[in-house]
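Undergrad: The structure is given below, and queries will be raised subsequently.
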Amino acid sequence: MSVTDLPREGQTTYQLIRKGGPFPYEKDGVVFGNRERILPRQARGYYREYTVKTPGSRDRGARRIVCGGEVPVQPVACYYTADHYASFRVIVDKN
């Protein structure tokens, strides 16, 4: 999916990732363990997760962007999940 296909809140989160924050949630940027083993296998610490705000949700909701790479602001690949890690779609940045 392209960045423009993300929900508006996802586009905002993606831009914050590229800028290095600041992020609205304390847990944004924490290591994502890939316990579901849906994403390509990488060493622990490769993936980081970020919250995509869900309008009307009282908590962080189920939407996330997970990015992988050695430098968090220059991810090699990012993935969007709307169902709390049950499935992922790769994000293609055409810029």
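Each chain in the structure tokens gets a letter, A, B, ..., in the order shown, and its residues are numbered from 1; ligands are numbered from 1 in order too.
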For Gly69 in chain A, find every residue with an atom within 12 Å (counting only C-alpha atoms), except residues of its own chain fewer than 6 positions away, and show them as a list in words.
TA: Val31, Phe32, Pro40, Gln42, Ala43, Arg44, Gly45, Tyr46, Tyr47, Arg48, Glu49, Pro75, Val76, Ala77 and Cys78 of chain A
Undergrad: Residues of chain A in strand (DSSP E) according to DSSP, as a list in words?
TA: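 Answer for chain A, restricted to strand (DSSP E): Val30, Val31, Tyr47, Arg48, Glu49, Tyr50, Thr51, Arg64, Ile65, Val66, Cys67, Gly68, Ala77, Cys78, Tyr79, Tyr80, Thr81, Arg89, Val90 and Ile91 of chain A.
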Undergrad: Show which residues sit within 9 Å of Gly10 in chain A, as an MDAnalysis selection string. Count only C-alpha atoms, and ignore same-chain residues fewer than 6 positions away.
TA: chainID A and resid 3 51:53 63:65 80
Undergrad: Show which residues sit within 10 Å of range 87-94 of chain A, as a VMD selection string. Count only C-alpha atoms, and ignore same-chain residues fewer than 5 positions away.
TA: chain A and resid 1 to 6 14 36 38 to 39 64 to 67 77 to 82
Undergrad: Rounded to one decimal place, report the CA of Pro72 in chain A-CA of Arg18 in chain A distance in Å.
TA: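 Interatomic distance here is 7.9 Å.
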Undergrad: Measuring between only C-alpha atoms, which one of A:Arg41, A:Pro55, A:Gly68, A:Arg35 shows the shortest distance to Tyr85 in chain A?
TA: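 For Tyr85 in chain A, the nearest of the given residues is A:Arg35.
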Undergrad: Which neighbours of range 19-23 of chain A fall inside 10 Å, counting only C-alpha atoms, when residues of the same chain fewer than 6 positions from it are skipped, and could you give them as a PyMOL selection string?
TA: chain A and resi 13+29+50-51+72-74
Undergrad: Counting only C-alpha atoms, which residue out of A:Thr12, A:Gly56, A:Glu70, A:Asn34 sits closest to His84 in chain A?
TA: A:Asn34
Undergrad: Tell me, which residues of range 7-93 of chain A carry DSSP alpha helix (DSSP H), written as number ranges by chain?
TA: A: 8-19
